[in-house]
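A.B. asks: File name entry-v5.txt; file contents compact mmCIF, N, CA and C atoms; full text below.
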```txt
# COMPACT_ATOMS: atom_id res chain seq x y z
N MET A 1 24.59 -18.47 -14.55
CA MET A 1 24.73 -17.03 -14.43
C MET A 1 23.59 -16.35 -15.17
N ASN A 2 23.06 -15.30 -14.60
CA ASN A 2 21.96 -14.53 -15.18
C ASN A 2 22.43 -13.80 -16.43
N ALA A 3 21.73 -14.04 -17.55
CA ALA A 3 22.10 -13.39 -18.82
C ALA A 3 21.92 -11.87 -18.73
N TRP A 4 21.03 -11.44 -17.88
CA TRP A 4 20.79 -10.01 -17.70
C TRP A 4 21.00 -9.71 -16.22
N PRO A 5 22.21 -9.35 -15.81
CA PRO A 5 22.53 -9.24 -14.38
C PRO A 5 21.68 -8.20 -13.64
N ASP A 6 21.18 -7.21 -14.34
CA ASP A 6 20.39 -6.17 -13.68
C ASP A 6 18.89 -6.44 -13.78
N ARG A 7 18.50 -7.62 -14.24
CA ARG A 7 17.08 -7.94 -14.44
C ARG A 7 16.27 -7.77 -13.16
N ASP A 8 16.73 -8.37 -12.08
CA ASP A 8 15.98 -8.30 -10.83
C ASP A 8 15.87 -6.86 -10.33
N GLU A 9 16.95 -6.12 -10.45
CA GLU A 9 16.93 -4.71 -10.05
C GLU A 9 15.94 -3.93 -10.91
N MET A 10 15.94 -4.19 -12.22
CA MET A 10 15.02 -3.50 -13.12
C MET A 10 13.56 -3.85 -12.79
N LEU A 11 13.28 -5.11 -12.54
CA LEU A 11 11.92 -5.51 -12.16
C LEU A 11 11.50 -4.85 -10.86
N PHE A 12 12.41 -4.76 -9.92
CA PHE A 12 12.11 -4.10 -8.64
C PHE A 12 11.77 -2.63 -8.87
N MET A 13 12.50 -1.98 -9.77
CA MET A 13 12.25 -0.56 -10.04
C MET A 13 10.95 -0.35 -10.83
N LEU A 14 10.58 -1.30 -11.67
CA LEU A 14 9.35 -1.16 -12.46
C LEU A 14 8.09 -1.54 -11.68
N ALA A 15 8.24 -2.34 -10.66
CA ALA A 15 7.08 -2.83 -9.91
C ALA A 15 6.14 -1.71 -9.42
N PRO A 16 6.65 -0.62 -8.86
CA PRO A 16 5.72 0.41 -8.38
C PRO A 16 4.89 1.06 -9.49
N ARG A 17 5.36 1.04 -10.71
CA ARG A 17 4.62 1.62 -11.84
C ARG A 17 3.41 0.80 -12.24
N TRP A 18 3.42 -0.46 -11.93
CA TRP A 18 2.39 -1.38 -12.37
C TRP A 18 0.98 -0.85 -12.06
N ALA A 19 0.78 -0.31 -10.89
CA ALA A 19 -0.55 0.17 -10.48
C ALA A 19 -1.05 1.30 -11.38
N ASP A 20 -0.17 2.10 -11.93
CA ASP A 20 -0.57 3.12 -12.90
C ASP A 20 -0.70 2.52 -14.30
N ASP A 21 0.17 1.61 -14.64
CA ASP A 21 0.13 0.99 -15.97
C ASP A 21 -1.17 0.23 -16.22
N ILE A 22 -1.74 -0.38 -15.19
CA ILE A 22 -2.94 -1.20 -15.39
C ILE A 22 -4.21 -0.39 -15.55
N ARG A 23 -4.15 0.90 -15.32
CA ARG A 23 -5.36 1.73 -15.47
C ARG A 23 -6.05 1.48 -16.80
N SER A 24 -5.28 1.39 -17.85
CA SER A 24 -5.88 1.18 -19.16
C SER A 24 -5.68 -0.24 -19.69
N ARG A 25 -4.77 -0.99 -19.11
CA ARG A 25 -4.45 -2.33 -19.63
C ARG A 25 -5.21 -3.46 -18.97
N ASP A 26 -5.55 -3.31 -17.69
CA ASP A 26 -6.20 -4.39 -16.95
C ASP A 26 -7.17 -3.78 -15.94
N LYS A 27 -8.33 -3.40 -16.44
CA LYS A 27 -9.32 -2.71 -15.60
C LYS A 27 -9.73 -3.53 -14.38
N ALA A 28 -9.68 -4.86 -14.48
CA ALA A 28 -10.07 -5.70 -13.34
C ALA A 28 -9.12 -5.52 -12.15
N GLN A 29 -7.87 -5.18 -12.41
CA GLN A 29 -6.89 -4.99 -11.33
C GLN A 29 -6.82 -3.54 -10.85
N HIS A 30 -7.38 -2.61 -11.61
CA HIS A 30 -7.28 -1.19 -11.26
C HIS A 30 -8.16 -0.86 -10.06
N ARG A 31 -7.63 -0.09 -9.16
CA ARG A 31 -8.35 0.34 -7.95
C ARG A 31 -8.18 1.85 -7.81
N ALA A 32 -9.03 2.62 -8.46
CA ALA A 32 -8.88 4.08 -8.51
C ALA A 32 -8.83 4.70 -7.11
N LEU A 33 -9.70 4.27 -6.22
CA LEU A 33 -9.78 4.89 -4.89
C LEU A 33 -8.56 4.59 -4.02
N TRP A 34 -7.77 3.62 -4.40
CA TRP A 34 -6.60 3.24 -3.61
C TRP A 34 -5.45 4.22 -3.75
N HIS A 35 -5.47 5.11 -4.70
CA HIS A 35 -4.32 5.98 -4.98
C HIS A 35 -4.26 7.24 -4.10
N TYR A 36 -5.28 7.52 -3.33
CA TYR A 36 -5.30 8.79 -2.58
C TYR A 36 -6.23 8.67 -1.37
N VAL A 37 -6.18 9.71 -0.51
CA VAL A 37 -7.09 9.78 0.62
C VAL A 37 -7.87 11.09 0.62
N ASN A 38 -7.31 12.18 0.16
CA ASN A 38 -7.98 13.49 0.07
C ASN A 38 -8.56 13.99 1.40
N PHE A 39 -7.68 14.16 2.39
CA PHE A 39 -8.12 14.84 3.60
C PHE A 39 -8.51 16.26 3.22
N PRO A 40 -9.58 16.79 3.80
CA PRO A 40 -10.02 18.14 3.42
C PRO A 40 -9.14 19.23 4.01
N PHE A 41 -8.89 20.27 3.20
CA PHE A 41 -8.20 21.47 3.66
C PHE A 41 -9.02 22.67 3.23
N LYS A 42 -9.43 23.47 4.23
CA LYS A 42 -10.17 24.69 3.97
C LYS A 42 -9.40 25.83 4.61
N PRO A 43 -8.83 26.73 3.79
CA PRO A 43 -8.08 27.85 4.35
C PRO A 43 -8.94 28.69 5.31
N ASP A 44 -8.30 29.25 6.33
CA ASP A 44 -9.01 30.06 7.33
C ASP A 44 -9.72 31.26 6.70
N THR A 45 -9.26 31.70 5.56
CA THR A 45 -9.84 32.88 4.90
C THR A 45 -11.15 32.58 4.18
N GLN A 46 -11.54 31.32 4.13
CA GLN A 46 -12.77 30.96 3.41
C GLN A 46 -13.99 31.15 4.31
N PRO A 47 -15.12 31.54 3.71
CA PRO A 47 -16.33 31.76 4.51
C PRO A 47 -16.90 30.46 5.06
N SER A 48 -17.73 30.59 6.07
CA SER A 48 -18.32 29.40 6.69
C SER A 48 -19.25 28.66 5.74
N SER A 49 -19.68 29.31 4.68
CA SER A 49 -20.54 28.64 3.70
C SER A 49 -19.81 27.54 2.94
N VAL A 50 -18.48 27.60 2.92
CA VAL A 50 -17.70 26.55 2.25
C VAL A 50 -17.63 25.36 3.20
N GLN A 51 -18.17 24.25 2.75
CA GLN A 51 -18.17 23.02 3.54
C GLN A 51 -17.16 22.04 2.94
N THR A 52 -16.66 21.14 3.75
CA THR A 52 -15.70 20.14 3.28
C THR A 52 -16.33 18.76 3.26
N ASN A 53 -15.69 17.85 2.57
CA ASN A 53 -16.11 16.45 2.54
C ASN A 53 -15.03 15.60 3.21
N SER A 54 -15.47 14.61 3.94
CA SER A 54 -14.52 13.66 4.55
C SER A 54 -13.97 12.73 3.47
N PRO A 55 -12.81 12.15 3.72
CA PRO A 55 -12.28 11.16 2.77
C PRO A 55 -13.25 9.99 2.60
N GLN A 56 -13.19 9.35 1.44
CA GLN A 56 -14.02 8.18 1.20
C GLN A 56 -13.58 7.03 2.09
N ALA A 57 -14.50 6.12 2.38
CA ALA A 57 -14.20 5.00 3.27
C ALA A 57 -13.10 4.10 2.71
N VAL A 58 -13.09 3.90 1.40
CA VAL A 58 -12.01 3.15 0.75
C VAL A 58 -11.04 4.16 0.20
N ASN A 59 -9.78 4.03 0.62
CA ASN A 59 -8.77 5.02 0.21
C ASN A 59 -7.38 4.40 0.34
N ILE A 60 -6.37 5.21 0.17
CA ILE A 60 -5.00 4.70 0.21
C ILE A 60 -4.64 4.09 1.57
N LEU A 61 -5.21 4.62 2.64
CA LEU A 61 -4.90 4.07 3.97
C LEU A 61 -5.49 2.69 4.15
N THR A 62 -6.73 2.50 3.70
CA THR A 62 -7.34 1.17 3.80
C THR A 62 -6.65 0.20 2.83
N ALA A 63 -6.21 0.70 1.68
CA ALA A 63 -5.51 -0.14 0.70
C ALA A 63 -4.15 -0.59 1.24
N LEU A 64 -3.44 0.31 1.91
CA LEU A 64 -2.16 -0.07 2.52
C LEU A 64 -2.37 -1.20 3.53
N ALA A 65 -3.36 -1.07 4.38
CA ALA A 65 -3.62 -2.10 5.39
C ALA A 65 -4.02 -3.42 4.75
N GLU A 66 -4.89 -3.37 3.74
CA GLU A 66 -5.34 -4.58 3.07
C GLU A 66 -4.19 -5.30 2.36
N ASN A 67 -3.38 -4.55 1.65
CA ASN A 67 -2.28 -5.18 0.92
C ASN A 67 -1.19 -5.69 1.86
N GLU A 68 -0.97 -5.02 2.96
CA GLU A 68 -0.03 -5.53 3.96
C GLU A 68 -0.54 -6.85 4.52
N ARG A 69 -1.84 -6.91 4.80
CA ARG A 69 -2.44 -8.16 5.30
C ARG A 69 -2.24 -9.29 4.28
N ILE A 70 -2.48 -9.01 3.01
CA ILE A 70 -2.33 -10.03 1.97
C ILE A 70 -0.88 -10.52 1.89
N VAL A 71 0.06 -9.59 1.89
CA VAL A 71 1.49 -9.97 1.82
C VAL A 71 1.86 -10.87 3.00
N LYS A 72 1.33 -10.58 4.17
CA LYS A 72 1.68 -11.35 5.37
C LYS A 72 0.98 -12.70 5.46
N THR A 73 -0.25 -12.82 4.89
CA THR A 73 -1.04 -14.02 5.16
C THR A 73 -1.45 -14.83 3.93
N GLU A 74 -1.37 -14.28 2.75
CA GLU A 74 -1.87 -14.95 1.54
C GLU A 74 -0.92 -16.08 1.12
N PRO A 75 -1.44 -17.30 0.97
CA PRO A 75 -0.57 -18.40 0.53
C PRO A 75 -0.28 -18.37 -0.98
N ASP A 76 -1.16 -17.77 -1.78
CA ASP A 76 -0.98 -17.75 -3.23
C ASP A 76 0.11 -16.75 -3.60
N PRO A 77 1.22 -17.20 -4.19
CA PRO A 77 2.33 -16.29 -4.49
C PRO A 77 1.96 -15.21 -5.52
N ILE A 78 1.03 -15.47 -6.41
CA ILE A 78 0.61 -14.46 -7.38
C ILE A 78 -0.12 -13.32 -6.68
N GLN A 79 -1.06 -13.68 -5.81
CA GLN A 79 -1.79 -12.65 -5.07
C GLN A 79 -0.86 -11.86 -4.15
N LYS A 80 0.08 -12.57 -3.56
CA LYS A 80 1.07 -11.92 -2.68
C LYS A 80 1.93 -10.95 -3.49
N ALA A 81 2.34 -11.33 -4.69
CA ALA A 81 3.16 -10.46 -5.54
C ALA A 81 2.38 -9.22 -5.97
N ILE A 82 1.12 -9.39 -6.31
CA ILE A 82 0.29 -8.24 -6.69
C ILE A 82 0.16 -7.28 -5.51
N ALA A 83 -0.09 -7.82 -4.33
CA ALA A 83 -0.22 -6.98 -3.14
C ALA A 83 1.09 -6.25 -2.82
N LEU A 84 2.20 -6.92 -2.98
CA LEU A 84 3.49 -6.29 -2.73
C LEU A 84 3.73 -5.15 -3.72
N THR A 85 3.37 -5.37 -4.97
CA THR A 85 3.50 -4.32 -5.98
C THR A 85 2.63 -3.12 -5.63
N TRP A 86 1.41 -3.40 -5.18
CA TRP A 86 0.54 -2.30 -4.73
C TRP A 86 1.18 -1.55 -3.56
N LEU A 87 1.76 -2.27 -2.62
CA LEU A 87 2.41 -1.59 -1.49
C LEU A 87 3.53 -0.67 -1.95
N PHE A 88 4.37 -1.15 -2.87
CA PHE A 88 5.43 -0.29 -3.41
C PHE A 88 4.84 1.00 -3.97
N HIS A 89 3.78 0.86 -4.74
CA HIS A 89 3.16 2.02 -5.39
C HIS A 89 2.51 2.96 -4.37
N LEU A 90 1.75 2.40 -3.46
CA LEU A 90 0.99 3.21 -2.51
C LEU A 90 1.89 3.97 -1.54
N VAL A 91 3.00 3.37 -1.16
CA VAL A 91 3.95 4.08 -0.27
C VAL A 91 4.47 5.32 -0.99
N GLY A 92 4.71 5.22 -2.29
CA GLY A 92 5.12 6.40 -3.06
C GLY A 92 4.00 7.41 -3.17
N ASP A 93 2.79 6.95 -3.49
CA ASP A 93 1.65 7.86 -3.66
C ASP A 93 1.34 8.64 -2.39
N ILE A 94 1.38 7.99 -1.26
CA ILE A 94 0.95 8.66 -0.03
C ILE A 94 1.89 9.80 0.36
N HIS A 95 3.10 9.79 -0.18
CA HIS A 95 4.04 10.87 0.09
C HIS A 95 3.83 12.07 -0.84
N GLN A 96 2.92 11.96 -1.78
CA GLN A 96 2.61 13.06 -2.69
C GLN A 96 1.49 13.91 -2.07
N PRO A 97 1.73 15.19 -1.83
CA PRO A 97 0.69 16.01 -1.19
C PRO A 97 -0.66 15.98 -1.90
N LEU A 98 -0.66 15.91 -3.22
CA LEU A 98 -1.93 15.92 -3.95
C LEU A 98 -2.62 14.56 -3.96
N HIS A 99 -2.01 13.56 -3.32
CA HIS A 99 -2.67 12.27 -3.10
C HIS A 99 -3.21 12.20 -1.67
N SER A 100 -2.95 13.24 -0.90
CA SER A 100 -3.32 13.21 0.51
C SER A 100 -4.36 14.25 0.91
N VAL A 101 -4.49 15.31 0.14
CA VAL A 101 -5.34 16.43 0.54
C VAL A 101 -6.04 17.04 -0.67
N GLN A 102 -7.21 17.62 -0.43
CA GLN A 102 -7.85 18.44 -1.45
C GLN A 102 -8.35 19.71 -0.79
N ILE A 103 -8.30 20.79 -1.55
CA ILE A 103 -8.67 22.10 -1.03
C ILE A 103 -10.14 22.39 -1.30
N PHE A 104 -10.79 23.03 -0.34
CA PHE A 104 -12.17 23.47 -0.46
C PHE A 104 -12.20 24.98 -0.32
N THR A 105 -12.67 25.66 -1.34
CA THR A 105 -12.77 27.12 -1.35
C THR A 105 -14.05 27.51 -2.08
N THR A 106 -14.30 28.81 -2.14
CA THR A 106 -15.46 29.26 -2.93
C THR A 106 -15.28 28.91 -4.40
N ASP A 107 -14.05 28.87 -4.88
CA ASP A 107 -13.78 28.45 -6.26
C ASP A 107 -13.90 26.94 -6.45
N PHE A 108 -13.66 26.20 -5.39
CA PHE A 108 -13.73 24.73 -5.44
C PHE A 108 -14.61 24.23 -4.29
N PRO A 109 -15.92 24.50 -4.36
CA PRO A 109 -16.82 24.13 -3.26
C PRO A 109 -16.94 22.62 -3.05
N ASN A 110 -16.64 21.83 -4.08
CA ASN A 110 -16.67 20.37 -3.97
C ASN A 110 -15.27 19.77 -3.91
N GLY A 111 -14.28 20.61 -3.67
CA GLY A 111 -12.89 20.17 -3.61
C GLY A 111 -12.24 20.23 -4.98
N ASP A 112 -10.93 20.22 -4.99
CA ASP A 112 -10.18 20.32 -6.25
C ASP A 112 -9.75 18.96 -6.79
N ARG A 113 -10.26 17.88 -6.18
CA ARG A 113 -9.92 16.51 -6.59
C ARG A 113 -8.41 16.30 -6.64
N GLY A 114 -7.75 16.70 -5.56
CA GLY A 114 -6.30 16.48 -5.46
C GLY A 114 -5.49 17.23 -6.50
N GLY A 115 -5.93 18.44 -6.86
CA GLY A 115 -5.22 19.25 -7.84
C GLY A 115 -5.61 18.98 -9.28
N ASN A 116 -6.53 18.05 -9.51
CA ASN A 116 -6.94 17.73 -10.88
C ASN A 116 -7.83 18.81 -11.50
N LEU A 117 -8.43 19.66 -10.69
CA LEU A 117 -9.29 20.73 -11.23
C LEU A 117 -8.58 22.08 -11.32
N ILE A 118 -7.33 22.15 -10.88
CA ILE A 118 -6.56 23.38 -10.93
C ILE A 118 -5.58 23.30 -12.09
N CYS A 119 -5.65 24.27 -12.97
CA CYS A 119 -4.73 24.30 -14.11
C CYS A 119 -3.60 25.30 -13.83
N VAL A 120 -2.41 24.92 -14.24
CA VAL A 120 -1.24 25.80 -14.11
C VAL A 120 -0.55 25.84 -15.47
N ARG A 121 0.23 26.88 -15.67
CA ARG A 121 1.00 27.03 -16.89
C ARG A 121 2.48 26.93 -16.48
N PRO A 122 3.18 25.85 -16.88
CA PRO A 122 4.55 25.64 -16.42
C PRO A 122 5.55 26.68 -16.92
N SER A 123 5.19 27.40 -17.96
CA SER A 123 6.02 28.49 -18.46
C SER A 123 5.10 29.52 -19.10
N GLU A 124 5.63 30.70 -19.38
CA GLU A 124 4.81 31.77 -19.93
C GLU A 124 4.12 31.36 -21.23
N THR A 125 4.79 30.57 -22.02
CA THR A 125 4.22 30.14 -23.30
C THR A 125 3.73 28.69 -23.27
N GLY A 126 3.89 28.04 -22.12
CA GLY A 126 3.52 26.63 -22.01
C GLY A 126 2.02 26.41 -22.02
N LYS A 127 1.65 25.23 -22.42
CA LYS A 127 0.25 24.82 -22.43
C LYS A 127 -0.21 24.55 -20.99
N PRO A 128 -1.39 25.04 -20.60
CA PRO A 128 -1.89 24.74 -19.25
C PRO A 128 -2.07 23.24 -19.03
N LEU A 129 -1.78 22.81 -17.81
CA LEU A 129 -2.03 21.41 -17.45
C LEU A 129 -2.47 21.34 -16.01
N GLU A 130 -3.05 20.19 -15.65
CA GLU A 130 -3.54 20.04 -14.28
C GLU A 130 -2.38 20.05 -13.29
N LEU A 131 -2.59 20.76 -12.18
CA LEU A 131 -1.58 20.81 -11.13
C LEU A 131 -1.16 19.41 -10.71
N HIS A 132 -2.11 18.52 -10.60
CA HIS A 132 -1.80 17.15 -10.18
C HIS A 132 -0.82 16.49 -11.16
N ARG A 133 -1.03 16.68 -12.44
CA ARG A 133 -0.14 16.09 -13.44
C ARG A 133 1.26 16.68 -13.35
N LEU A 134 1.34 17.99 -13.08
CA LEU A 134 2.64 18.65 -12.96
C LEU A 134 3.41 18.08 -11.79
```
Show me this structure written as structure tokens.
C.D. replies:
Amino acid sequence: MNAWPDRDEMLFMLAPRWADDIRSRDKAQHRALWHYVNFPFKPDTQPSSVQTNSPQAVNILTALAENERIVKTEPDPIQKAIALTWLFHLVGDIHQPLHSVQIFTTDFPNGDRGGNLICVRPSETGKPLELHRL
């Protein structure tokens, strides 16, 4: 009998966090470009002088395909487990609007980096923080 009956459930719930946890703990496994795609959004009210950038060639969509391929075909169980963990994380990330789009305006001619360049104040007296973090 398992001494910790919820162990497997807990590991399953923690697995998607791994991709964020390794940013500072295991740089060799970190894949910054895999977390987003940043499709360009330029509001109709912006002048024609505001240009947009296409998503980078390596992005969350290419990462999803690559990790799915690894899970399906990789014989090494460690590599397969890492890829599965990435899939758990990326499926969550791609549902976040700020992982999918960046805005281009006269204020953000190079894009807002998925909300990382926009600061918001969560309350009247609160400290400003990046929209993406909020």
A.B. asks: Record the distance separating atom CA of Asn53 of chain A and atom C of Ile94 of chain A, expressed in Å with one decimal.
C.D. replies: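 That distance, rounded to one decimal, is 19.3 Å.
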A.B. asks: Mind checking which residues fall within 6.5 Å of Leu87 of chain A, counting all atoms listed in the file, ignoring those fewer than 5 positions away in the same chain, and posting them as a compact mmCIF listing (two decimals) with N, CA and C atoms, keeping the file's coordinate frame?
C.D. replies:
```txt
# COMPACT_ATOMS: atom_id res chain seq x y z
N LEU A 64 -3.44 0.31 1.91
CA LEU A 64 -2.16 -0.07 2.52
C LEU A 64 -2.37 -1.20 3.53
N ASN A 67 -3.38 -4.55 1.65
CA ASN A 67 -2.28 -5.18 0.92
C ASN A 67 -1.19 -5.69 1.86
N ILE A 82 1.12 -9.39 -6.31
CA ILE A 82 0.29 -8.24 -6.69
C ILE A 82 0.16 -7.28 -5.51
N GLY A 92 4.71 5.22 -2.29
CA GLY A 92 5.12 6.40 -3.06
C GLY A 92 4.00 7.41 -3.17
```
A.B. asks: Please report the interatomic distance between atom CA of Pro47 of chain A and atom CA of Leu98 of chain A in Å with one decimal.
C.D. replies: 23.0 Å
A.B. asks: Which is closest to Gln102 of chain A among A:Arg121, A:Lys80, A:Lys42, A:His89, if we use only C-alpha atoms?
C.D. replies: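 Of A:Arg121, A:Lys80, A:Lys42, A:His89, the one nearest Gln102 of chain A, counting only C-alpha atoms, is A:Lys42.
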A.B. asks: Could you tell me how far atom CA of Asp112 of chain A lies from atom N of Pro43 of chain A, in Å and to one decimal?
C.D. replies: 12.0 Å
A.B. asks: List every protein, DNA or RNA residue with an atom no more than 10 Å from (-3.9, 19.1, -16.0) in the file's coordinates, counting only C-alpha atoms, and format the result as an mmCIF file with N, CA and C atoms, in the coordinates of the input.
C.D. replies:
```cif
data_model
loop_
_atom_site.group_PDB
_atom_site.id
_atom_site.type_symbol
_atom_site.label_atom_id
_atom_site.label_comp_id
_atom_site.auth_asym_id
_atom_site.auth_seq_id
_atom_site.Cartn_x
_atom_site.Cartn_y
_atom_site.Cartn_z
ATOM 1 N N GLY A 115 -5.930 18.440 -6.860
ATOM 2 C CA GLY A 115 -5.220 19.250 -7.840
ATOM 3 C C GLY A 115 -5.610 18.980 -9.280
ATOM 4 N N ASN A 116 -6.530 18.050 -9.510
ATOM 5 C CA ASN A 116 -6.940 17.730 -10.880
ATOM 6 C C ASN A 116 -7.830 18.810 -11.500
ATOM 7 N N LEU A 117 -8.430 19.660 -10.690
ATOM 8 C CA LEU A 117 -9.290 20.730 -11.230
ATOM 9 C C LEU A 117 -8.580 22.080 -11.320
ATOM 10 N N ILE A 118 -7.330 22.150 -10.880
ATOM 11 C CA ILE A 118 -6.560 23.380 -10.930
ATOM 12 C C ILE A 118 -5.580 23.300 -12.090
ATOM 13 N N CYS A 119 -5.650 24.270 -12.970
ATOM 14 C CA CYS A 119 -4.730 24.300 -14.110
ATOM 15 C C CYS A 119 -3.600 25.300 -13.830
ATOM 16 N N VAL A 120 -2.410 24.920 -14.240
ATOM 17 C CA VAL A 120 -1.240 25.800 -14.110
ATOM 18 C C VAL A 120 -0.550 25.840 -15.470
ATOM 19 N N ARG A 121 0.230 26.880 -15.670
ATOM 20 C CA ARG A 121 1.000 27.030 -16.890
ATOM 21 C C ARG A 121 2.480 26.930 -16.480
ATOM 22 N N LYS A 127 1.650 25.230 -22.420
ATOM 23 C CA LYS A 127 0.250 24.820 -22.430
ATOM 24 C C LYS A 127 -0.210 24.550 -20.990
ATOM 25 N N PRO A 128 -1.390 25.040 -20.600
ATOM 26 C CA PRO A 128 -1.890 24.740 -19.250
ATOM 27 C C PRO A 128 -2.070 23.240 -19.030
ATOM 28 N N LEU A 129 -1.780 22.810 -17.810
ATOM 29 C CA LEU A 129 -2.030 21.410 -17.450
ATOM 30 C C LEU A 129 -2.470 21.340 -16.010
ATOM 31 N N GLU A 130 -3.050 20.190 -15.650
ATOM 32 C CA GLU A 130 -3.540 20.040 -14.280
ATOM 33 C C GLU A 130 -2.380 20.050 -13.290
ATOM 34 N N LEU A 131 -2.590 20.760 -12.180
ATOM 35 C CA LEU A 131 -1.580 20.810 -11.130
ATOM 36 C C LEU A 131 -1.160 19.410 -10.710
ATOM 37 N N HIS A 132 -2.110 18.520 -10.600
ATOM 38 C CA HIS A 132 -1.800 17.150 -10.180
ATOM 39 C C HIS A 132 -0.820 16.490 -11.160
ATOM 40 N N ARG A 133 -1.030 16.680 -12.440
ATOM 41 C CA ARG A 133 -0.140 16.090 -13.440
ATOM 42 C C ARG A 133 1.260 16.680 -13.350
ATOM 43 N N LEU A 134 1.340 17.990 -13.080
ATOM 44 C CA LEU A 134 2.640 18.650 -12.960
ATOM 45 C C LEU A 134 3.410 18.080 -11.790
#
```
A.B. asks: Just list the residues in segment 1-121 of chain A DSSP gives helix (DSSP H, G or I) on the backbone, as a PyMOL selection string.
C.D. replies: chain A and resi 7-25+32-35+60-73+77-94+97-99
A.B. asks: Residues at most 7 Å from segment 36-40 of chain A, counting only C-alpha atoms, excluding those fewer than 2 positions away in the same chain, as a PyMOL selection string?
C.D. replies: chain A and resi 33-34+42+52-55+59-61+94+99-104+114
A.B. asks: Just checking: using all atoms listed in the file, which residue out of A:Glu9, A:Pro109, A:Thr125, A:Pro77 ends up closest to Ser49 of chain A?
C.D. replies: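 Going through A:Glu9, A:Pro109, A:Thr125, A:Pro77 one by one, the smallest distance to Ser49 of chain A is for A:Pro109.
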